[in-house]
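> My structure is in my_file_23.cif, and what it holds is mmCIF, C-alpha atoms and all ligand atoms:
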data_target
loop_
_atom_site.label_atom_id
_atom_site.label_comp_id
_atom_site.auth_asym_id
_atom_site.auth_seq_id
_atom_site.Cartn_x
_atom_site.Cartn_y
_atom_site.Cartn_z
CA MET J 1 -7.65 28.68 -32.80
CA ILE J 2 -5.65 30.54 -30.17
CA THR J 3 -7.80 32.86 -28.08
CA ALA J 4 -7.06 35.39 -25.33
CA LEU J 5 -6.59 33.87 -21.87
CA ARG J 6 -9.64 33.56 -19.63
CA GLY J 7 -10.34 36.81 -17.80
CA MET J 8 -8.15 38.85 -20.16
CA LYS J 9 -9.51 41.19 -22.81
CA ASP J 10 -8.39 43.00 -25.92
CA ILE J 11 -9.30 46.64 -26.01
CA PHE J 12 -10.16 47.72 -29.54
CA PRO J 13 -10.16 51.31 -30.86
CA THR J 14 -13.90 51.74 -30.20
CA GLN J 15 -13.42 51.06 -26.46
CA ASN J 16 -9.99 52.64 -26.38
CA LYS J 17 -11.56 55.98 -27.19
CA LYS J 18 -13.34 55.78 -23.85
CA PHE J 19 -10.23 54.39 -22.14
CA VAL J 20 -8.11 57.32 -23.33
CA TYR J 21 -10.85 59.82 -22.50
CA ILE J 22 -11.01 58.45 -18.93
CA LEU J 23 -7.25 58.43 -18.50
CA LYS J 24 -6.79 61.91 -19.90
CA ASN J 25 -9.29 63.42 -17.49
CA MET J 26 -8.19 61.41 -14.43
CA THR J 27 -4.62 62.45 -15.13
CA ALA J 28 -5.61 66.12 -15.43
CA ILE J 29 -7.40 65.94 -12.07
CA ALA J 30 -4.47 64.16 -10.37
CA ARG J 31 -2.09 66.82 -11.66
CA LYS J 32 -4.32 69.55 -10.20
CA TYR J 33 -3.80 67.91 -6.79
CA GLY J 34 -0.02 67.96 -7.24
CA PHE J 35 0.49 64.31 -8.30
CA GLU J 36 3.14 63.37 -10.86
CA PHE J 37 3.36 60.37 -13.16
CA VAL J 38 5.42 57.38 -12.06
CA GLN J 39 5.90 54.04 -13.83
CA THR J 40 7.12 50.88 -12.18
CA PRO J 41 7.69 47.44 -13.72
CA ILE J 42 4.85 44.98 -14.19
CA LEU J 43 7.06 42.17 -12.84
CA GLU J 44 8.38 42.33 -9.29
CA GLU J 45 9.95 39.95 -6.81
CA THR J 46 7.20 37.87 -5.21
CA ALA J 47 8.60 38.70 -1.77
CA LEU J 48 7.54 42.34 -2.24
CA PHE J 49 3.85 41.41 -2.33
CA ILE J 50 4.13 38.76 0.35
CA ARG J 51 5.58 41.36 2.69
CA SER J 52 3.32 44.28 1.77
CA VAL J 53 -0.07 42.95 0.63
CA GLY J 54 0.35 40.15 3.18
CA GLU J 55 0.52 36.39 3.28
CA SER J 56 -2.97 36.08 4.76
CA SER J 57 -4.62 38.08 1.98
CA ASP J 58 -6.52 36.31 -0.81
CA ILE J 59 -4.42 38.25 -3.33
CA VAL J 60 -1.16 36.68 -2.14
CA GLY J 61 -2.62 33.38 -0.95
CA LYS J 62 -4.71 32.51 -4.00
CA GLU J 63 -4.49 35.03 -6.81
CA MET J 64 -0.90 35.70 -7.81
CA TYR J 65 0.56 34.94 -11.22
CA ARG J 66 3.74 33.64 -9.67
CA PHE J 67 6.57 31.81 -11.40
CA LYS J 68 10.32 31.24 -11.57
CA ASP J 69 12.19 33.09 -14.32
CA LYS J 70 15.17 31.61 -16.21
CA GLY J 71 17.48 32.84 -13.45
CA ASP J 72 15.43 30.89 -10.88
CA ASN J 73 14.10 34.12 -9.33
CA ASP J 74 10.68 33.93 -7.67
CA ILE J 75 8.76 36.69 -9.45
CA CYS J 76 5.16 37.62 -10.17
CA LEU J 77 2.95 39.86 -12.25
CA ARG J 78 1.91 42.76 -10.04
CA PRO J 79 -1.54 42.23 -8.51
CA GLU J 80 -1.71 45.90 -7.50
CA GLY J 81 0.31 49.10 -7.82
CA THR J 82 1.08 50.32 -4.30
CA ALA J 83 3.82 47.83 -3.39
CA GLY J 84 5.84 48.61 -6.54
CA VAL J 85 5.59 52.36 -6.00
CA VAL J 86 6.71 51.97 -2.38
CA ARG J 87 9.62 49.76 -3.48
CA ALA J 88 10.63 52.38 -6.05
CA PHE J 89 10.27 55.19 -3.47
CA ILE J 90 12.63 53.37 -1.12
CA GLU J 91 15.08 52.39 -3.85
CA LYS J 92 15.31 56.05 -4.89
CA LYS J 93 16.06 56.88 -1.21
CA TYR J 94 13.23 59.42 -1.02
CA ASP J 95 12.55 58.21 2.52
CA ARG J 96 15.94 59.58 3.62
CA GLN J 97 15.51 62.86 1.78
CA GLY J 98 12.23 63.61 3.54
CA GLY J 99 9.56 65.93 2.18
CA ILE J 100 6.32 65.22 0.39
CA TYR J 101 6.04 63.05 -2.74
CA ARG J 102 2.85 62.52 -4.69
CA PHE J 103 2.69 60.01 -7.55
CA TYR J 104 -0.01 58.74 -9.85
CA TYR J 105 0.18 55.73 -12.18
CA TYR J 106 -1.94 53.55 -14.38
CA GLY J 107 -1.49 50.20 -16.03
CA PRO J 108 -2.40 46.53 -16.03
CA MET J 109 -2.67 44.48 -12.82
CA PHE J 110 -3.07 40.70 -12.62
CA ARG J 111 -5.09 38.59 -10.23
CA TYR J 112 -5.99 34.95 -10.78
CA GLU J 113 -9.59 35.41 -9.63
CA ARG J 114 -12.72 33.70 -10.92
CA PRO J 115 -13.70 35.95 -13.84
CA GLN J 116 -17.17 37.46 -13.77
CA LYS J 117 -18.84 40.75 -14.70
CA GLY J 118 -16.46 43.52 -13.58
CA ARG J 119 -13.81 41.05 -12.42
CA PHE J 120 -10.94 40.17 -14.71
CA ARG J 121 -7.60 38.45 -14.42
CA GLN J 122 -5.91 41.31 -16.23
CA PHE J 123 -7.46 44.67 -15.42
CA HIS J 124 -6.26 48.26 -15.27
CA GLN J 125 -5.96 50.57 -12.33
CA PHE J 126 -5.44 54.29 -12.05
CA GLY J 127 -3.77 54.84 -8.69
CA ALA J 128 -2.25 57.60 -6.61
CA GLU J 129 0.15 57.40 -3.68
CA SER J 130 1.15 60.23 -1.36
CA PHE J 131 4.22 60.01 0.90
CA GLY J 132 5.27 62.23 3.80
CA VAL J 133 1.98 63.61 5.15
CA LYS J 134 0.68 62.32 8.47
CA SER J 135 -2.25 64.71 8.73
CA TYR J 136 -5.86 63.73 8.12
CA PHE J 137 -5.97 66.63 5.64
CA GLU J 138 -4.23 64.37 3.13
CA ASP J 139 -6.84 61.65 3.72
CA ALA J 140 -9.52 64.20 2.90
CA ASN J 141 -7.52 65.39 -0.10
CA MET J 142 -7.39 61.87 -1.56
CA ILE J 143 -11.11 61.36 -1.00
CA LEU J 144 -11.81 64.74 -2.61
CA MET J 145 -9.73 63.75 -5.61
CA ILE J 146 -11.60 60.47 -6.17
CA LYS J 147 -14.89 62.30 -5.70
CA GLU J 148 -13.86 64.87 -8.30
CA ILE J 149 -12.96 62.09 -10.75
CA LEU J 150 -16.24 60.21 -10.24
CA ASP J 151 -18.27 63.44 -10.37
CA PHE J 152 -16.52 64.45 -13.57
CA PHE J 153 -17.77 61.25 -15.20
CA ASP J 154 -21.22 61.66 -13.64
CA ILE J 155 -21.00 58.42 -11.66
CA SER J 156 -23.15 57.85 -8.60
CA TYR J 157 -21.52 56.18 -5.59
CA VAL J 158 -21.53 55.67 -1.87
CA LEU J 159 -18.34 56.44 0.02
CA LYS J 160 -17.68 53.90 2.77
CA LEU J 161 -15.20 54.72 5.49
CA ASN J 162 -13.60 52.93 8.39
CA SER J 163 -10.56 53.26 10.62
CA LEU J 164 -8.27 50.26 10.91
CA GLY J 165 -6.39 51.73 13.86
CA CYS J 166 -2.69 51.23 14.42
CA GLY J 167 -0.39 48.72 16.11
CA GLU J 168 -1.29 50.17 19.49
CA CYS J 169 -5.04 49.72 19.25
CA MET J 170 -5.13 46.86 16.76
CA SER J 171 -3.14 44.33 18.85
CA PRO J 172 -5.40 44.34 21.93
CA TYR J 173 -8.45 44.54 19.65
CA LYS J 174 -7.35 41.47 17.68
CA LYS J 175 -6.97 39.51 20.93
CA GLU J 176 -10.50 40.46 21.93
CA LEU J 177 -11.81 39.54 18.49
CA VAL J 178 -10.07 36.15 18.54
CA LYS J 179 -11.66 35.42 21.93
CA PHE J 180 -15.04 36.19 20.41
CA LEU J 181 -14.32 34.09 17.31
CA GLN J 182 -13.29 31.12 19.43
CA LYS J 183 -16.72 31.19 21.02
CA ILE J 184 -18.53 31.02 17.66
CA GLU J 185 -15.89 28.98 15.83
CA ASN J 186 -18.15 26.00 15.09
CA SER J 187 -20.59 28.26 13.26
CA LEU J 188 -17.97 29.83 11.00
CA CYS J 189 -17.05 28.78 7.45
CA GLN J 190 -13.70 27.05 6.77
CA ASP J 191 -12.15 30.29 5.45
CA CYS J 192 -13.13 32.23 8.57
CA LYS J 193 -11.77 29.46 10.80
CA ARG J 194 -8.46 29.93 8.99
CA ARG J 195 -8.73 33.73 9.16
CA LYS J 196 -9.14 33.53 12.94
CA ASP J 197 -5.56 32.27 13.12
CA THR J 198 -3.96 34.22 10.24
CA ASN J 199 -5.59 37.65 10.28
CA PRO J 200 -8.80 37.70 12.32
CA ILE J 201 -10.15 41.07 11.05
CA ARG J 202 -10.56 39.48 7.60
CA VAL J 203 -13.63 37.66 8.90
CA PHE J 204 -15.54 40.91 8.37
CA ASP J 205 -14.82 40.62 4.67
CA CYS J 206 -16.43 37.15 4.45
CA LYS J 207 -19.21 36.91 1.88
CA ASN J 208 -20.91 34.03 3.73
CA GLU J 209 -24.24 35.29 5.09
CA ASN J 210 -24.17 32.84 7.98
CA CYS J 211 -20.77 34.17 9.14
CA GLN J 212 -21.98 37.75 8.82
CA ASN J 213 -25.01 36.97 11.02
CA PHE J 214 -22.81 35.51 13.73
CA LEU J 215 -20.40 38.44 13.45
CA GLN J 216 -23.04 41.02 14.25
CA GLU J 217 -22.21 40.67 17.94
CA ALA J 218 -18.45 40.87 17.35
CA PRO J 219 -16.40 43.67 18.99
CA ARG J 220 -15.70 46.49 16.54
CA LEU J 221 -12.37 48.21 16.11
CA ASN J 222 -13.89 51.65 15.69
CA ASN J 223 -15.15 51.40 19.28
CA ASN J 224 -11.66 50.42 20.43
CA LEU J 225 -9.39 52.96 18.72
CA CYS J 226 -6.51 54.54 20.63
CA GLU J 227 -6.67 58.29 21.22
CA ASP J 228 -4.44 59.16 18.26
CA CYS J 229 -6.43 57.03 15.77
CA ASP J 230 -9.75 58.16 17.19
CA THR J 231 -8.80 61.86 16.85
CA HIS J 232 -7.45 61.27 13.34
CA PHE J 233 -10.68 59.55 12.23
CA LYS J 234 -13.01 62.09 13.89
CA SER J 235 -11.05 65.03 12.44
CA LEU J 236 -11.32 63.49 8.97
CA LEU J 237 -15.07 63.01 9.36
CA GLU J 238 -15.48 66.62 10.56
CA LEU J 239 -13.55 67.92 7.58
CA LEU J 240 -15.63 65.82 5.18
CA ASP J 241 -18.78 67.15 6.87
CA LYS J 242 -17.54 70.71 6.39
CA LYS J 243 -16.97 69.99 2.71
CA GLU J 244 -20.43 68.37 2.63
CA ILE J 245 -19.06 65.05 1.41
CA LYS J 246 -21.49 62.28 2.24
CA TYR J 247 -20.13 59.02 3.65
CA GLU J 248 -21.18 55.91 5.51
CA ILE J 249 -19.09 54.49 8.32
CA ASP J 250 -18.76 50.78 7.66
CA PRO J 251 -17.13 48.85 10.53
CA ASN J 252 -16.98 45.80 8.21
CA LEU J 253 -14.70 47.59 5.76
CA VAL J 254 -11.32 45.94 6.41
CA ARG J 255 -9.90 45.97 2.84
CA GLY J 256 -8.27 42.91 1.31
CA LEU J 257 -4.66 44.08 1.70
CA ASP J 258 -2.63 43.92 4.90
CA TYR J 259 -0.75 47.20 4.75
CA TYR J 260 -3.51 49.55 5.87
CA ASN J 261 -3.81 51.45 9.13
CA LYS J 262 -6.06 54.32 10.22
CA SER J 263 -8.37 55.54 7.39
CA ALA J 264 -9.62 52.99 4.86
CA PHE J 265 -12.23 53.77 2.24
CA GLU J 266 -14.11 52.38 -0.72
CA PHE J 267 -16.33 53.99 -3.33
CA ILE J 268 -19.20 51.65 -4.13
CA SER J 269 -21.47 52.06 -7.10
CA GLY J 270 -24.94 50.54 -7.36
CA ASP J 271 -24.61 50.49 -11.16
CA LEU J 272 -21.89 47.81 -11.14
CA GLY J 273 -23.51 44.55 -10.00
CA ALA J 274 -21.77 42.18 -7.59
CA GLN J 275 -18.29 43.63 -8.12
CA ASN J 276 -19.41 47.03 -6.95
CA ALA J 277 -16.19 48.70 -5.69
CA VAL J 278 -15.06 51.27 -8.20
CA ALA J 279 -12.22 52.62 -6.04
CA GLY J 280 -10.50 51.72 -2.80
CA GLY J 281 -7.62 52.85 -0.68
CA GLY J 282 -6.36 54.04 2.66
CA ARG J 283 -3.45 54.94 4.83
CA TYR J 284 -0.36 52.73 5.11
CA ASP J 285 1.94 54.61 7.49
CA LYS J 286 4.06 51.57 8.41
CA LEU J 287 4.66 50.00 5.01
CA VAL J 288 7.76 52.03 4.07
CA SER J 289 9.50 51.15 7.35
CA TYR J 290 8.22 47.58 7.20
CA LEU J 291 10.05 47.23 3.88
CA GLY J 292 13.27 48.34 5.57
CA ALA J 293 13.34 52.12 5.08
CA LYS J 294 12.81 55.19 7.25
CA GLU J 295 9.28 55.47 8.61
CA THR J 296 7.22 57.62 6.22
CA PRO J 297 3.49 58.22 6.51
CA ALA J 298 1.63 57.38 3.30
CA ILE J 299 -1.84 57.11 1.82
CA GLY J 300 -3.18 56.06 -1.56
CA PHE J 301 -6.02 54.71 -3.63
CA ALA J 302 -6.72 52.94 -6.91
CA ILE J 303 -9.66 53.12 -9.28
CA GLY J 304 -10.61 50.14 -11.47
CA ILE J 305 -10.59 51.47 -15.03
CA GLU J 306 -12.74 48.64 -16.48
CA ARG J 307 -15.34 49.23 -13.79
CA LEU J 308 -15.28 52.95 -14.57
CA MET J 309 -15.63 52.17 -18.28
CA GLU J 310 -18.83 50.23 -17.55
CA MET J 311 -20.41 53.41 -16.24
CA VAL J 312 -18.86 56.28 -18.16
CA LYS J 313 -20.93 57.46 -21.08
CA GLU J 314 -19.18 57.32 -24.44
CA PRO J 315 -17.66 60.73 -25.20
CA LYS J 316 -19.16 62.24 -28.35
CA SER J 317 -16.66 61.38 -31.04
CA GLN J 318 -15.68 64.36 -33.14
CA ARG J 319 -14.68 64.32 -36.75
CA GLU J 320 -10.98 64.98 -37.12
CA GLY J 321 -8.28 65.23 -39.78
CA TYR J 322 -8.13 64.39 -43.46
CA TYR J 323 -9.00 61.34 -45.53
CA PHE J 324 -7.12 61.27 -48.86
CA GLY J 325 -8.47 59.28 -51.81
CA ALA J 326 -7.29 58.78 -55.41
CA LEU J 327 -9.64 58.69 -58.41
CA CYS J 328 -6.89 57.37 -60.75
CA ASP J 329 -3.54 55.56 -60.36
CA GLU J 330 -1.47 58.66 -61.23
CA ALA J 331 -3.04 60.55 -58.31
CA LEU J 332 -1.61 58.21 -55.66
CA THR J 333 1.88 59.73 -55.46
CA PRO J 334 0.84 63.45 -55.27
CA LEU J 335 -1.82 62.39 -52.75
CA PHE J 336 0.74 60.55 -50.63
CA LEU J 337 3.04 63.62 -50.67
CA GLU J 338 0.19 66.01 -49.81
CA ALA J 339 -0.86 63.82 -46.87
CA ALA J 340 2.71 63.92 -45.52
CA LYS J 341 2.56 67.75 -45.60
CA VAL J 342 -0.80 67.91 -43.86
CA ARG J 343 0.41 65.54 -41.15
CA LYS J 344 2.78 68.23 -39.87
CA THR J 345 -0.21 69.88 -38.26
CA ASP J 346 -3.19 67.54 -38.59
CA LYS J 347 -4.21 63.91 -38.82
CA ALA J 348 -4.10 62.41 -42.34
CA ILE J 349 -4.94 58.91 -43.57
CA VAL J 350 -4.53 57.82 -47.18
CA SER J 351 -6.53 55.23 -49.06
CA TYR J 352 -4.28 53.37 -51.51
CA ASP J 353 -7.27 52.02 -53.46
CA VAL J 354 -8.38 53.87 -56.55
CA LYS J 355 -12.13 54.33 -56.14
CA SER J 356 -15.05 56.52 -57.23
CA LEU J 357 -15.69 59.84 -55.46
CA LYS J 358 -18.84 58.38 -53.94
CA ALA J 359 -16.87 55.44 -52.50
CA HIS J 360 -14.21 57.77 -51.05
CA LEU J 361 -16.84 60.03 -49.47
CA LYS J 362 -18.41 56.98 -47.86
CA ALA J 363 -15.04 55.74 -46.60
CA SER J 364 -14.07 59.16 -45.20
CA ASP J 365 -17.37 59.27 -43.33
CA LYS J 366 -16.67 55.83 -41.87
CA ALA J 367 -13.18 56.96 -40.85
CA ASN J 368 -14.79 59.92 -39.04
CA ALA J 369 -12.61 62.37 -40.97
CA LYS J 370 -13.38 66.08 -41.02
CA TYR J 371 -12.23 66.49 -44.62
CA CYS J 372 -12.34 64.23 -47.65
CA ALA J 373 -9.58 65.24 -50.10
CA VAL J 374 -9.40 63.62 -53.56
CA ILE J 375 -7.33 63.90 -56.71
CA GLY J 376 -8.58 62.72 -60.11
CA GLU J 377 -7.54 63.36 -63.68
CA ASP J 378 -9.10 66.88 -63.73
CA GLU J 379 -7.30 67.90 -60.55
CA LEU J 380 -4.02 66.40 -61.79
CA ALA J 381 -4.25 68.47 -64.97
CA LYS J 382 -4.64 71.67 -62.89
CA ASN J 383 -2.21 70.61 -60.15
CA GLU J 384 -5.01 70.81 -57.60
CA ILE J 385 -6.71 68.83 -54.88
CA TRP J 386 -10.45 68.81 -54.22
CA ILE J 387 -11.45 69.03 -50.53
CA LYS J 388 -14.86 68.56 -48.97
CA ASP J 389 -15.49 69.75 -45.41
CA LEU J 390 -17.68 66.93 -44.08
CA LEU J 391 -18.85 68.97 -41.10
CA ASN J 392 -19.88 72.17 -42.86
CA LYS J 393 -20.66 70.46 -46.17
CA THR J 394 -18.57 72.98 -48.13
CA GLU J 395 -16.18 72.21 -51.02
CA LYS J 396 -13.06 73.88 -52.34
CA THR J 397 -9.99 73.21 -54.48
CA LYS J 398 -6.43 73.99 -53.49
CA SER J 399 -3.26 74.01 -55.56
CA ILE J 400 -0.62 71.43 -54.65
CA GLY J 401 2.99 70.84 -55.51
P1 LIG J 501 -8.05 47.19 -4.46
O1 LIG J 501 -9.29 47.53 -3.66
O2 LIG J 501 -7.59 45.79 -4.38
O3 LIG J 501 -6.93 48.17 -3.95
O4 LIG J 501 -8.27 47.58 -5.97
C1 LIG J 501 -8.68 48.87 -6.36
C2 LIG J 501 -9.74 48.81 -7.43
O5 LIG J 501 -9.28 48.00 -8.53
C3 LIG J 501 -11.04 48.14 -7.01
O6 LIG J 501 -11.88 49.04 -6.32
C4 LIG J 501 -11.63 47.74 -8.35
O7 LIG J 501 -12.30 48.82 -8.95
C5 LIG J 501 -10.39 47.39 -9.16
N1 LIG J 501 -10.18 45.92 -9.21
C6 LIG J 501 -9.63 45.13 -8.28
N2 LIG J 501 -9.60 43.83 -8.69
C7 LIG J 501 -10.17 43.81 -9.92
C8 LIG J 501 -10.42 42.78 -10.89
N3 LIG J 501 -10.08 41.50 -10.67
N4 LIG J 501 -11.01 43.12 -12.07
C9 LIG J 501 -11.36 44.41 -12.32
N5 LIG J 501 -11.12 45.43 -11.45
C10 LIG J 501 -10.54 45.15 -10.26
C11 LIG J 501 -5.67 48.16 -4.40
O8 LIG J 501 -5.28 47.54 -5.36
C12 LIG J 501 -4.74 49.11 -3.63
N6 LIG J 501 -3.41 49.03 -4.22
C13 LIG J 501 -5.28 50.52 -3.62
C14 LIG J 501 -4.40 51.47 -2.86
C15 LIG J 501 -3.49 52.32 -3.40
N7 LIG J 501 -4.32 51.55 -1.55
C16 LIG J 501 -3.38 52.43 -1.24
N8 LIG J 501 -2.86 52.90 -2.34
#
How would this structure read if it were set down as structure tokens?

Amino acid sequence: MITALRGMKDIFPTQNKKFVYILKNMTAIARKYGFEFVQTPILEETALFIRSVGESSDIVGKEMYRFKDKGDNDICLRPEGTAGVVRAFIEKKYDRQGGIYRFYYYGPMFRYERPQKGRFRQFHQFGAESFGVKSYFEDANMILMIKEILDFFDISYVLKLNSLGCGECMSPYKKELVKFLQKIENSLCQDCKRRKDTNPIRVFDCKNENCQNFLQEAPRLNNNLCEDCDTHFKSLLELLDKKEIKYEIDPNLVRGLDYYNKSAFEFISGDLGAQNAVAGGGRYDKLVSYLGAKETPAIGFAIGIERLMEMVKEPKSQREGYYFGALCDEALTPLFLEAAKVRKTDKAIVSYDVKSLKAHLKASDKANAKYCAVIGEDELAKNEIWIKDLLNKTEKTKSIG
């Protein structure tokens, strides 16, 4: 028997109801904040992710679905949404036009990770990217938007914040960190030894308890920010305080993608288990220029839809539309034609099996219909249809034709 690939799931109508409910409401919130829908391809050139997410990241180093297509192009399934949106932004020449652009998107992402609860190889993200605003106000705006989404679904979380600085403060900081890491090198795990040479700040992301103990004495970037980054971070915190948004500053929060600078954040939920990040994001002011276009400040985030689905309570399903059932063979055609009429304004499903009234009522209940409409020999003789309102428990007949 052929089964779905490991770490990939089918989403059946029962779960899709929740999926659509989540999407509909996230979309409405994003639109309130001025974001518009963008769609980019699921396949991109591998080079895009190597350059943006970064060669030293686990995503690029270990987790990409990467292959050659028939034209010998090195391509991969997108592991995340930001890089594609930035590529599209540049290709459309928005960087040269200037101004502010705000996009939201959703869709499947692919990472060849070890599947576990809350971690899949194909999963869905809802993301938003904002281009053209340098101010910390936009950082606060993004955080506010995620908070509004999570509050809407009644999800509890902790907001973790950090500043990843910029080229000016990060370069001297990295040198200081490497010096420190060299001193404790023998105590570090193999991955951290490698990280020391590829991207030293990633050591803070290490899940090895022993490494974390040794890193407690490590120099921290948030104590070494340049004036511009320090002001940006402090102004953001002040604004969040004014809006009474609770947060924790987490100097270990370095994010698993290379493109970030200044503000980085994650929303963590205690209800999720080991994979507890429901949303993550941050600023990436240099990515547009790094990919060859005009420097454009940018910030974004993505929410994991599957992780959200774990926590969102099922919306109460409401009865809707018509169920049409025939009590005799001759009723099928008039029933079919009546259903087509109803469908102009309402939902209508038709059962093609001739059954008893009792059986049709049972089936319409199962289909969660609001009305059960049937035609039998009596109705045919009078050119009528019998309709039961399954919500109000009332009955009526209506002429057809
Ligand atoms: P990320 O932190 O890698 O960021 O992913 C965002 C969210 O996607 C996570 O918080 C989590 O909820 C969900 N997620 C990630 N991997 C998996 C997985 N294997 N299975 C299930 N859910 C997962 C990004 O992807 C950035 N592009 C976010 C961003 C947008 N930064 C700036 N703009």
> Please report, as AutoDock Vina command-line options, the centre and edge lengths in Å to one decimal of an axis-aligned box covering all listed atoms of ligand LIG 501 (chain J) with 8 Å per side.

--center_x -7.6 --center_y 47.2 --center_z -6.8 --size_x 25.4 --size_y 27.4 --size_z 27.1
> In Å, rounded to a single decimal, give me how far CA of Asn276 in chain J is from CA of Leu144 in chain J.
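Between CA of Leu144 in chain J and CA of Asn276 in chain J the gap works out to 19.8 Å.
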> Ligand LIG 501 (chain J): which residues are within 7 Å, counting all atoms listed in the file? Reply as a ChimeraX atom specification.
/J:80-82,111,113,118-125,127-129,255-257,266,277-283,299-307
> Calculated over only C-alpha atoms, which of the candidates J:Lys294, J:Tyr247, J:Gly54, J:Glu44 has the smallest distance to Asn73 in chain J?
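Among J:Lys294, J:Tyr247, J:Gly54, J:Glu44, it is J:Glu44 that comes nearest to Asn73 in chain J.
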> Measuring atom to atom with only C-alpha atoms, identify which of J:Val158, J:Ile375, J:Ala218, J:Leu77 is nearest to Asp271 in chain J.
J:Val158
> So the first atom is CA of Lys175 in chain J and the second is CA of Cys189 in chain J; what is the distance between them in Å, to one decimal place?
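A separation of 20.0 Å between them.
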> Mind pulling up the distance from CA of Gly107 in chain J to CA of Asp10 in chain J?
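For CA of Asp10 in chain J relative to CA of Gly107 in chain J, the distance reads 14.0 Å.
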> Counting all atoms listed in the file, which residues come within 12 Å of (-16.0, 58.2, -52.3), with the point read in the file's coordinates, and could you list them as a list of chain:residue names?
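Result, sorted by chain then residue number: J:Tyr323, J:Phe324, J:Gly325, J:Ala326, J:Leu327, J:Ser351, J:Asp353, J:Val354, J:Lys355, J:Ser356, J:Leu357, J:Lys358, J:Ala359, J:His360, J:Leu361, J:Lys362, J:Ala363, J:Ser364, J:Asp365, J:Lys366, J:Ala367, J:Tyr371, J:Cys372, J:Ala373, J:Val374, J:Ile375, J:Gly376, J:Ile387, J:Lys388.
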> I'd like to know which of J:Asp191, J:Glu384, J:Glu63, J:Asp197 is closest to Arg114 in chain J, using all atoms listed in the file.
J:Glu63
> Extract, using all atoms listed in the file, all DNA, RNA and protein residues at most 7 Å from range 231-240 of chain J, discarding same-chain residues fewer than 6 positions from it, and format them as JSON, numbers by chain.
{"J": [136, 140, 163, 263]}
> Write the selection just made, keeping C-alpha atoms, as a PDB file, in the frame of the given file?

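Generated output (out03.pdb):
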ATOM      1  CA  TYR J 136      -5.860  63.730   8.120  1.00  0.00           C
ATOM      2  CA  ALA J 140      -9.520  64.200   2.900  1.00  0.00           C
ATOM      3  CA  SER J 163     -10.560  53.260  10.620  1.00  0.00           C
ATOM      4  CA  SER J 263      -8.370  55.540   7.390  1.00  0.00           C
TER       5      SER J 263
END
